[in-house]
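Student: Sharing model.txt, compact mmCIF, C-alpha atoms and all ligand atoms:
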# COMPACT_ATOMS: atom_id res chain seq x y z
CA MET A 8 -36.89 17.29 -25.82
CA PRO A 9 -35.54 13.97 -24.47
CA THR A 10 -34.41 13.76 -20.85
CA VAL A 11 -31.12 12.28 -19.70
CA LEU A 12 -30.20 11.46 -16.11
CA ILE A 13 -26.44 11.60 -15.52
CA LEU A 14 -25.29 9.80 -12.39
CA GLY A 15 -22.35 11.98 -11.57
CA GLY A 16 -19.73 13.02 -9.08
CA THR A 17 -16.96 13.04 -11.70
CA GLY A 18 -15.40 15.54 -14.11
CA GLU A 19 -16.60 13.41 -17.01
CA ALA A 20 -20.20 13.69 -15.79
CA ARG A 21 -19.91 17.49 -15.70
CA ARG A 22 -18.41 17.63 -19.19
CA LEU A 23 -21.13 15.34 -20.53
CA ALA A 24 -23.85 17.58 -19.06
CA SER A 25 -22.36 20.53 -20.99
CA ALA A 26 -22.15 18.50 -24.20
CA LEU A 27 -25.77 17.32 -24.07
CA LEU A 28 -27.50 20.39 -22.69
CA PRO A 29 -28.61 22.09 -25.87
CA ARG A 30 -30.36 18.97 -27.15
CA TYR A 31 -31.48 17.30 -23.92
CA ARG A 32 -33.15 18.14 -20.68
CA VAL A 33 -30.17 17.23 -18.50
CA ILE A 34 -30.57 16.16 -14.88
CA SER A 35 -27.34 15.45 -13.03
CA SER A 36 -27.43 13.46 -9.81
CA LEU A 37 -24.87 13.89 -7.03
CA ALA A 38 -24.59 11.67 -3.96
CA GLY A 39 -24.17 14.64 -1.62
CA ARG A 40 -20.96 13.41 0.01
CA VAL A 41 -18.93 16.55 -0.69
CA ALA A 42 -19.79 19.82 1.06
CA ASP A 43 -19.05 22.12 -1.87
CA PRO A 44 -19.22 20.03 -5.06
CA ALA A 45 -18.41 21.37 -8.52
CA ARG A 46 -21.86 21.75 -10.10
CA PRO A 47 -22.63 20.69 -13.64
CA VAL A 48 -24.75 22.83 -15.96
CA GLY A 49 -28.45 21.97 -16.23
CA GLU A 50 -30.64 20.62 -13.44
CA VAL A 51 -28.98 19.07 -10.40
CA ARG A 52 -30.49 16.78 -7.77
CA VAL A 53 -28.62 15.67 -4.66
CA GLY A 54 -28.85 12.53 -2.49
CA GLY A 55 -29.65 8.83 -2.82
CA PHE A 56 -32.72 7.51 -4.63
CA GLY A 57 -33.49 4.83 -2.04
CA GLY A 58 -31.92 1.80 -3.72
CA PRO A 59 -32.71 0.29 -7.13
CA SER A 60 -36.49 0.44 -6.64
CA GLY A 61 -36.33 4.14 -5.69
CA LEU A 62 -34.24 4.84 -8.77
CA ALA A 63 -36.58 2.84 -11.03
CA LYS A 64 -39.52 4.89 -9.73
CA TYR A 65 -37.59 8.13 -10.28
CA LEU A 66 -36.80 7.13 -13.88
CA LEU A 67 -40.47 6.60 -14.63
CA ASP A 68 -41.75 9.63 -12.66
CA GLU A 69 -39.29 11.98 -14.39
CA ARG A 70 -39.83 10.32 -17.79
CA ILE A 71 -36.10 9.70 -18.22
CA ASP A 72 -35.17 8.48 -21.71
CA THR A 73 -31.55 7.56 -21.03
CA VAL A 74 -29.46 7.08 -17.89
CA VAL A 75 -25.72 7.61 -18.13
CA ASP A 76 -23.81 6.06 -15.27
CA ALA A 77 -20.86 8.45 -15.16
CA THR A 78 -20.04 7.75 -11.53
CA HIS A 79 -16.53 7.09 -10.28
CA PRO A 80 -15.25 3.61 -11.27
CA PHE A 81 -15.33 2.59 -7.59
CA ALA A 82 -18.94 3.69 -6.94
CA ALA A 83 -19.96 0.03 -7.36
CA GLN A 84 -23.22 0.18 -5.44
CA MET A 85 -24.62 3.05 -7.48
CA SER A 86 -23.57 1.36 -10.73
CA SER A 87 -25.23 -1.89 -9.72
CA ASN A 88 -28.39 -0.01 -8.71
CA ALA A 89 -28.45 1.75 -12.08
CA ALA A 90 -28.22 -1.57 -13.94
CA VAL A 91 -31.05 -3.11 -11.89
CA ALA A 92 -33.27 -0.01 -12.11
CA SER A 93 -32.83 0.47 -15.84
CA ALA A 94 -33.65 -3.20 -16.48
CA ALA A 95 -36.74 -2.95 -14.25
CA SER A 96 -38.01 0.29 -15.83
CA GLY A 97 -36.97 -0.39 -19.43
CA VAL A 98 -34.94 2.84 -19.56
CA ARG A 99 -31.77 2.78 -21.68
CA LEU A 100 -28.52 2.72 -19.65
CA VAL A 101 -25.06 3.64 -20.88
CA VAL A 102 -21.98 3.42 -18.67
CA LEU A 103 -19.22 5.99 -19.03
CA ARG A 104 -16.01 4.56 -17.52
CA ARG A 105 -12.75 6.38 -18.07
CA PRO A 106 -9.76 4.11 -18.83
CA GLY A 107 -7.64 2.94 -15.90
CA TYR A 108 -4.18 4.33 -15.12
CA ASP A 109 -1.02 3.46 -17.01
CA LEU A 110 0.38 0.95 -14.49
CA ASP A 111 3.80 -0.69 -14.17
CA PRO A 112 3.56 -4.51 -14.39
CA SER A 113 5.76 -4.80 -11.27
CA TRP A 114 3.27 -2.95 -9.04
CA PRO A 115 1.24 -5.25 -6.80
CA ARG A 116 -2.47 -5.46 -7.66
CA VAL A 117 -5.11 -6.22 -5.06
CA ASP A 118 -8.90 -6.54 -5.08
CA SER A 119 -9.78 -4.56 -1.99
CA LEU A 120 -8.70 -1.86 0.41
CA ALA A 121 -8.39 -4.50 3.14
CA GLU A 122 -5.90 -6.43 1.02
CA ALA A 123 -4.01 -3.21 0.19
CA ALA A 124 -3.69 -2.41 3.89
CA GLU A 125 -2.33 -5.89 4.52
CA ARG A 126 0.36 -5.50 1.84
CA LEU A 127 1.70 -2.08 2.86
CA PRO A 128 3.89 -2.96 5.88
CA SER A 129 5.88 -5.47 3.80
CA LEU A 130 6.66 -2.78 1.22
CA GLY A 131 7.58 0.33 3.19
CA GLU A 132 7.54 2.33 6.40
CA ARG A 133 5.85 5.54 5.27
CA ALA A 134 2.75 5.08 3.10
CA PHE A 135 1.06 7.69 0.93
CA ILE A 136 -2.61 6.67 1.06
CA THR A 137 -4.64 8.16 -1.79
CA THR A 138 -7.65 5.85 -1.82
CA GLY A 139 -10.06 8.48 -0.47
CA ARG A 140 -11.94 9.07 2.74
CA GLN A 141 -14.25 6.09 2.45
CA GLY A 142 -12.58 2.91 3.64
CA ILE A 143 -9.75 4.79 5.32
CA GLY A 144 -10.50 2.71 8.45
CA TYR A 145 -8.85 -0.29 6.76
CA PHE A 146 -5.50 1.47 7.10
CA ARG A 147 -5.78 2.33 10.81
CA ASN A 148 -3.78 -0.67 11.98
CA ILE A 149 -1.07 -0.97 9.35
CA GLY A 150 1.56 -0.16 11.98
CA ILE A 151 3.56 2.13 9.69
CA ALA A 152 3.27 5.89 9.19
CA GLY A 153 0.63 7.19 6.79
CA LEU A 154 0.07 10.34 4.80
CA VAL A 155 -3.64 10.35 3.93
CA ARG A 156 -4.83 12.65 1.16
CA CYS A 157 -8.54 13.21 0.61
CA VAL A 158 -10.98 15.93 -0.37
CA GLU A 159 -13.06 15.95 2.82
CA PRO A 160 -11.75 15.23 6.33
CA PRO A 161 -12.14 11.57 7.34
CA GLY A 162 -14.38 10.99 10.35
CA PRO A 163 -17.51 9.21 11.55
CA PRO A 164 -19.39 7.24 10.36
CA GLU A 165 -16.70 5.86 8.00
CA LEU A 166 -13.98 6.34 10.63
CA PRO A 167 -15.46 5.92 14.11
CA GLU A 168 -12.06 6.11 15.82
CA PRO A 169 -9.29 8.63 15.13
CA LEU A 170 -6.31 7.75 12.96
CA PRO A 171 -3.07 6.82 14.75
CA ALA A 172 -0.65 9.59 15.84
CA ASN A 173 1.83 8.69 13.08
CA PHE A 174 -0.78 9.55 10.42
CA THR A 175 -1.02 12.95 8.73
CA VAL A 176 -4.15 14.03 6.87
CA LEU A 177 -3.77 16.34 3.90
CA LEU A 178 -6.95 17.83 2.42
CA ALA A 179 -6.55 18.52 -1.29
CA ARG A 180 -8.45 18.18 -4.54
CA GLY A 181 -6.72 17.54 -7.90
CA PRO A 182 -5.48 18.23 -10.47
CA PHE A 183 -2.00 17.45 -9.15
CA THR A 184 1.31 17.92 -10.98
CA VAL A 185 4.27 15.54 -11.22
CA ASP A 186 6.56 18.16 -9.66
CA GLY A 187 4.14 18.77 -6.81
CA GLU A 188 3.64 15.05 -6.15
CA THR A 189 7.39 14.39 -6.25
CA GLU A 190 8.05 17.17 -3.78
CA LEU A 191 5.25 15.97 -1.48
CA MET A 192 6.54 12.40 -1.46
CA ARG A 193 10.11 13.58 -0.80
CA GLU A 194 9.00 15.95 1.97
CA HIS A 195 7.11 13.15 3.76
CA ARG A 196 9.81 10.55 2.99
CA ILE A 197 7.17 8.33 1.38
CA ASP A 198 8.42 4.85 0.43
CA VAL A 199 5.17 3.19 -0.69
CA LEU A 200 2.05 4.54 -2.41
CA VAL A 201 -1.44 3.04 -2.44
CA THR A 202 -4.07 4.02 -5.01
CA LYS A 203 -7.29 2.78 -6.53
CA ASP A 204 -7.10 2.27 -10.30
CA SER A 205 -9.36 5.28 -10.70
CA GLY A 206 -7.74 6.53 -13.91
CA GLY A 207 -7.99 10.09 -15.17
CA ALA A 208 -5.49 12.87 -15.77
CA MET A 209 -6.40 14.82 -12.62
CA THR A 210 -4.73 12.31 -10.30
CA ALA A 211 -2.25 10.40 -12.50
CA ALA A 212 0.78 12.54 -11.56
CA LYS A 213 1.40 10.58 -8.34
CA LEU A 214 2.17 7.48 -10.42
CA GLU A 215 4.72 9.28 -12.56
CA ALA A 216 6.29 10.70 -9.40
CA ALA A 217 6.40 7.26 -7.73
CA ARG A 218 7.92 5.76 -10.87
CA SER A 219 10.71 8.32 -11.00
CA LEU A 220 11.39 7.99 -7.25
CA GLY A 221 11.39 4.16 -7.50
CA ILE A 222 8.55 3.86 -4.98
CA PRO A 223 6.34 0.74 -5.18
CA VAL A 224 2.63 1.33 -5.81
CA VAL A 225 -0.10 -0.93 -4.44
CA VAL A 226 -3.02 -0.76 -6.89
CA VAL A 227 -6.59 -1.62 -5.93
CA ASP A 228 -8.27 -3.04 -9.04
CA ARG A 229 -11.67 -1.77 -10.18
CA PRO A 230 -14.88 -3.56 -9.31
CA PRO A 231 -16.43 -5.20 -12.40
CA VAL A 232 -19.15 -3.52 -14.47
CA THR A 233 -22.51 -5.32 -14.65
CA PRO A 234 -22.35 -7.71 -17.66
CA GLY A 235 -24.43 -6.78 -20.69
CA VAL A 236 -24.46 -3.02 -20.08
CA PRO A 237 -22.81 -0.95 -22.85
CA VAL A 238 -19.62 0.72 -21.63
CA LEU A 239 -17.96 3.68 -23.35
CA SER A 240 -14.75 5.26 -22.16
CA THR A 241 -14.92 8.92 -23.19
CA VAL A 242 -17.33 11.82 -22.93
CA ASP A 243 -17.12 12.31 -26.69
CA GLU A 244 -18.19 8.73 -27.39
CA VAL A 245 -21.23 9.03 -25.12
CA ALA A 246 -22.13 12.44 -26.54
CA ARG A 247 -21.86 11.09 -30.11
CA LEU A 248 -24.12 8.15 -29.24
CA LEU A 249 -26.75 10.30 -27.57
CA LEU A 250 -26.67 13.11 -30.11
CA ALA A 251 -26.75 10.81 -33.18
P1 LIG B 301 -21.65 3.94 -3.87
O1 LIG B 301 -21.01 3.30 -2.68
O2 LIG B 301 -21.62 3.21 -5.14
O3 LIG B 301 -23.16 4.33 -3.56
C1 LIG B 301 -23.75 4.25 -2.29
C2 LIG B 301 -25.09 4.93 -2.35
O4 LIG B 301 -24.92 6.35 -2.49
C3 LIG B 301 -25.93 4.51 -3.55
O5 LIG B 301 -26.60 3.30 -3.30
C4 LIG B 301 -26.84 5.72 -3.69
O6 LIG B 301 -27.85 5.72 -2.68
C5 LIG B 301 -25.93 6.87 -3.35
N1 LIG B 301 -25.27 7.45 -4.53
C6 LIG B 301 -24.03 7.18 -5.02
N2 LIG B 301 -23.77 7.92 -6.09
C7 LIG B 301 -24.88 8.68 -6.30
C8 LIG B 301 -25.23 9.66 -7.27
N3 LIG B 301 -24.37 10.04 -8.24
N4 LIG B 301 -26.46 10.23 -7.18
C9 LIG B 301 -27.33 9.87 -6.20
N5 LIG B 301 -27.04 8.96 -5.25
C10 LIG B 301 -25.84 8.37 -5.30
O7 LIG B 301 -21.00 5.39 -4.11
P2 LIG B 301 -19.69 6.05 -3.47
O8 LIG B 301 -18.51 5.22 -3.83
O9 LIG B 301 -20.02 6.39 -2.05
O10 LIG B 301 -19.61 7.38 -4.33
C11 LIG B 301 -20.51 8.44 -4.08
C12 LIG B 301 -20.32 9.51 -5.13
O11 LIG B 301 -18.99 9.98 -5.10
C13 LIG B 301 -20.58 9.01 -6.55
O12 LIG B 301 -21.36 9.97 -7.19
C14 LIG B 301 -19.20 8.90 -7.17
O13 LIG B 301 -19.22 9.21 -8.54
C15 LIG B 301 -18.40 9.91 -6.38
N6 LIG B 301 -17.00 9.51 -6.18
C16 LIG B 301 -16.70 8.29 -5.64
C17 LIG B 301 -15.37 7.94 -5.47
C18 LIG B 301 -14.97 6.57 -4.92
O14 LIG B 301 -13.76 6.29 -4.82
N7 LIG B 301 -15.92 5.70 -4.60
C19 LIG B 301 -14.36 8.84 -5.82
C20 LIG B 301 -14.70 10.08 -6.35
C21 LIG B 301 -16.03 10.42 -6.52
P3 LIG B 301 -29.31 5.10 -2.95
O15 LIG B 301 -29.15 3.62 -2.93
O16 LIG B 301 -30.13 5.64 -1.83
O17 LIG B 301 -29.78 5.59 -4.30
Could you quickly redo this structure as structure tokens?

Tutor:
Amino acid sequence: MPTVLILGGTGEARRLASALLPRYRVISSLAGRVADPARPVGEVRVGGFGGPSGLAKYLLDERIDTVVDATHPFAAQMSSNAAVASAASGVRLVVLRRPGYDLDPSWPRVDSLAEAAERLPSLGERAFITTGRQGIGYFRNIGIAGLVRCVEPPGPPELPEPLPANFTVLLARGPFTVDGETELMREHRIDVLVTKDSGGAMTAAKLEAARSLGIPVVVVDRPPVTPGVPVLSTVDEVARLLLA
């Protein structure tokens, strides 16, 4: 039976594990950032590999036939490591990247969280910050109020100093609904939203809510995928390729 390593931490990675399990030995890898992660079926390993060389060694030691990089579109370091390690070990790599959000052309696009933080004060006075716990420190000094939503509470080492007093932290995990997002933004009198272009149905409702409330959305664009690596956009496409 061939062995597949799925670099995970996403719903797509979990669905792919279920799709491949009868025909593959499936090992899913999680970074270990979340205290109580949703677990895929099959074998699960948790924690970093020790950079590209550690991953290359793992691929050979575990006799991995195919690696699927099904990490979040913003997990750029892990994706880069996967590309380097698969090239070094000769193990096939496929990238599963869900499509980006349906974005309005008028919404400002930026390349980084730092740039997003810079833009916010010119666009509103009460920001809904949905870019996740990592990098939240960039928003500490925006000078306007912030509603921060993330899965795990922000803190050290990513956030060595507390958030300002006019920030509220809301711990929540999707899926979110348009009605719920609209009510949340009204309740907190949000007038600007910031998001990564993560894509996916679980978190897209905030954009529909912002659109209907006429709230501008600052969008952080995705980091590029390593050139030359095959990229598929759905679980079905990857499953078809691997099960063919
Ligand atoms: P990252 O910055 O790209 O990766 C940093 C390091 O974490 C990697 O070099 C690797 O350590 C380890 N790592 C990351 N993903 C791993 C995995 N699936 N299995 C084993 N080790 C992993 O990653 P990140 O942005 O912190 O994301 C961490 C995890 O959270 C990923 O699995 C991702 O799918 C998920 N996630 C990320 C976001 C986001 O916005 N970035 C959002 C939702 C979920 P070594 O070098 O030691 O191997």

Student: Quick one: everything within 9 Å of region 122-125 of chain A, counting only C-alpha atoms, minus sequence neighbours fewer than 6 positions away in the same chain. Send it as a list in words.

Tutor: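 Residues near the query, excluding close chain neighbours: Pro115, Arg116, Tyr145, Phe146, Arg147, Asn148, Ile149, Val201, Thr202, Val225, Val226 and Val227 of chain A.
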
Student: Draw an axis-aligned box over all listed atoms of region 125-141 of chain A, pad each side with 3 Å, and write its centre and edge lengths in Å, one decimal, as lines of an AutoDock Vina configuration file.

Tutor:
center_x = -3.3
center_y = 1.6
center_z = 2.3
size_x = 27.8
size_y = 21.0
size_z = 14.2

Student: Could you list the protein, DNA and RNA residues that have any atom within 9 Å of ligand LIG 301 (chain B), counting all atoms listed in the file, and write them as an mmCIF file with C-alpha atoms, in the coordinates of the input?

Tutor:
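As written to disk, result.cif reads:
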data_model
loop_
_atom_site.group_PDB
_atom_site.id
_atom_site.type_symbol
_atom_site.label_atom_id
_atom_site.label_comp_id
_atom_site.auth_asym_id
_atom_site.auth_seq_id
_atom_site.Cartn_x
_atom_site.Cartn_y
_atom_site.Cartn_z
ATOM 1 C CA ILE A 13 -26.440 11.600 -15.520
ATOM 2 C CA LEU A 14 -25.290 9.800 -12.390
ATOM 3 C CA GLY A 15 -22.350 11.980 -11.570
ATOM 4 C CA GLY A 16 -19.730 13.020 -9.080
ATOM 5 C CA THR A 17 -16.960 13.040 -11.700
ATOM 6 C CA ALA A 20 -20.200 13.690 -15.790
ATOM 7 C CA SER A 35 -27.340 15.450 -13.030
ATOM 8 C CA SER A 36 -27.430 13.460 -9.810
ATOM 9 C CA LEU A 37 -24.870 13.890 -7.030
ATOM 10 C CA ALA A 38 -24.590 11.670 -3.960
ATOM 11 C CA GLY A 39 -24.170 14.640 -1.620
ATOM 12 C CA ARG A 40 -20.960 13.410 0.010
ATOM 13 C CA VAL A 41 -18.930 16.550 -0.690
ATOM 14 C CA ARG A 52 -30.490 16.780 -7.770
ATOM 15 C CA VAL A 53 -28.620 15.670 -4.660
ATOM 16 C CA GLY A 54 -28.850 12.530 -2.490
ATOM 17 C CA GLY A 55 -29.650 8.830 -2.820
ATOM 18 C CA PHE A 56 -32.720 7.510 -4.630
ATOM 19 C CA GLY A 57 -33.490 4.830 -2.040
ATOM 20 C CA GLY A 58 -31.920 1.800 -3.720
ATOM 21 C CA PRO A 59 -32.710 0.290 -7.130
ATOM 22 C CA SER A 60 -36.490 0.440 -6.640
ATOM 23 C CA GLY A 61 -36.330 4.140 -5.690
ATOM 24 C CA LEU A 62 -34.240 4.840 -8.770
ATOM 25 C CA ASP A 76 -23.810 6.060 -15.270
ATOM 26 C CA ALA A 77 -20.860 8.450 -15.160
ATOM 27 C CA THR A 78 -20.040 7.750 -11.530
ATOM 28 C CA HIS A 79 -16.530 7.090 -10.280
ATOM 29 C CA PRO A 80 -15.250 3.610 -11.270
ATOM 30 C CA PHE A 81 -15.330 2.590 -7.590
ATOM 31 C CA ALA A 82 -18.940 3.690 -6.940
ATOM 32 C CA ALA A 83 -19.960 0.030 -7.360
ATOM 33 C CA GLN A 84 -23.220 0.180 -5.440
ATOM 34 C CA MET A 85 -24.620 3.050 -7.480
ATOM 35 C CA SER A 86 -23.570 1.360 -10.730
ATOM 36 C CA SER A 87 -25.230 -1.890 -9.720
ATOM 37 C CA ASN A 88 -28.390 -0.010 -8.710
ATOM 38 C CA ALA A 89 -28.450 1.750 -12.080
ATOM 39 C CA THR A 138 -7.650 5.850 -1.820
ATOM 40 C CA GLY A 139 -10.060 8.480 -0.470
ATOM 41 C CA ARG A 140 -11.940 9.070 2.740
ATOM 42 C CA GLN A 141 -14.250 6.090 2.450
ATOM 43 C CA LYS A 203 -7.290 2.780 -6.530
ATOM 44 C CA SER A 205 -9.360 5.280 -10.700
#

Student: For region 245-247 of chain A, work out the shell of residues within 7 Å, counting all atoms listed in the file and skipping chain neighbours fewer than 6 positions away, then give it as number ranges by chain.

Tutor: A: 23, 26-27, 239

Student: State, in Å with one decimal place, the distance from CA of Gly187 (chain A) to CA of Leu154 (chain A).

Tutor: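 That distance, rounded to one decimal, is 14.9 Å.
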
Student: Could you check which residues have any atom within 6 Å of (-36.6, 12.3, -18.0), counting all atoms listed in the file with coordinates taken straight from the file, and then list them as a list in words?

Tutor: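 With a cut-off of 6 Å, the residues come to Thr10, Val11, Glu69, Arg70, Ile71 and Asp72 of chain A.
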
Student: Using all atoms listed in the file, what residues lie at most 10 Å away from (0.6, 1.9, -8.4) (file coordinates), given as a list in words?

Tutor: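 Residues satisfying the cut-off, written out: Tyr108, Asp109, Leu110, Asp111, Pro112, Ser113, Trp114, Pro115, Arg116, Val199, Leu200, Val201, Thr202, Lys203, Asp204, Ala211, Lys213, Leu214, Glu215, Ala217, Arg218, Ile222, Pro223, Val224, Val225, Val226 and Val227 of chain A.
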
Student: Looking at A:Leu12, A:Ile136, A:Ala216, A:Ile143, which one is nearest to Thr189 (chain A), with distances taken over all atoms listed in the file?

Tutor: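 Closest to Thr189 (chain A) of all the choices is A:Ala216.
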
Student: Measuring between only C-alpha atoms, which one of A:Gly181, A:Gly221, A:Gly49, A:Gly142 shows the shortest distance to Ile197 (chain A)?

Tutor: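 Among the listed residues, the smallest separation from Ile197 (chain A) belongs to A:Gly221.
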
Student: Find the distance between CA of Ala45 (chain A) and CA of Arg21 (chain A) and write it in Å to one decimal.

Tutor: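 Separation between CA of Ala45 (chain A) and CA of Arg21 (chain A): 8.3 Å.
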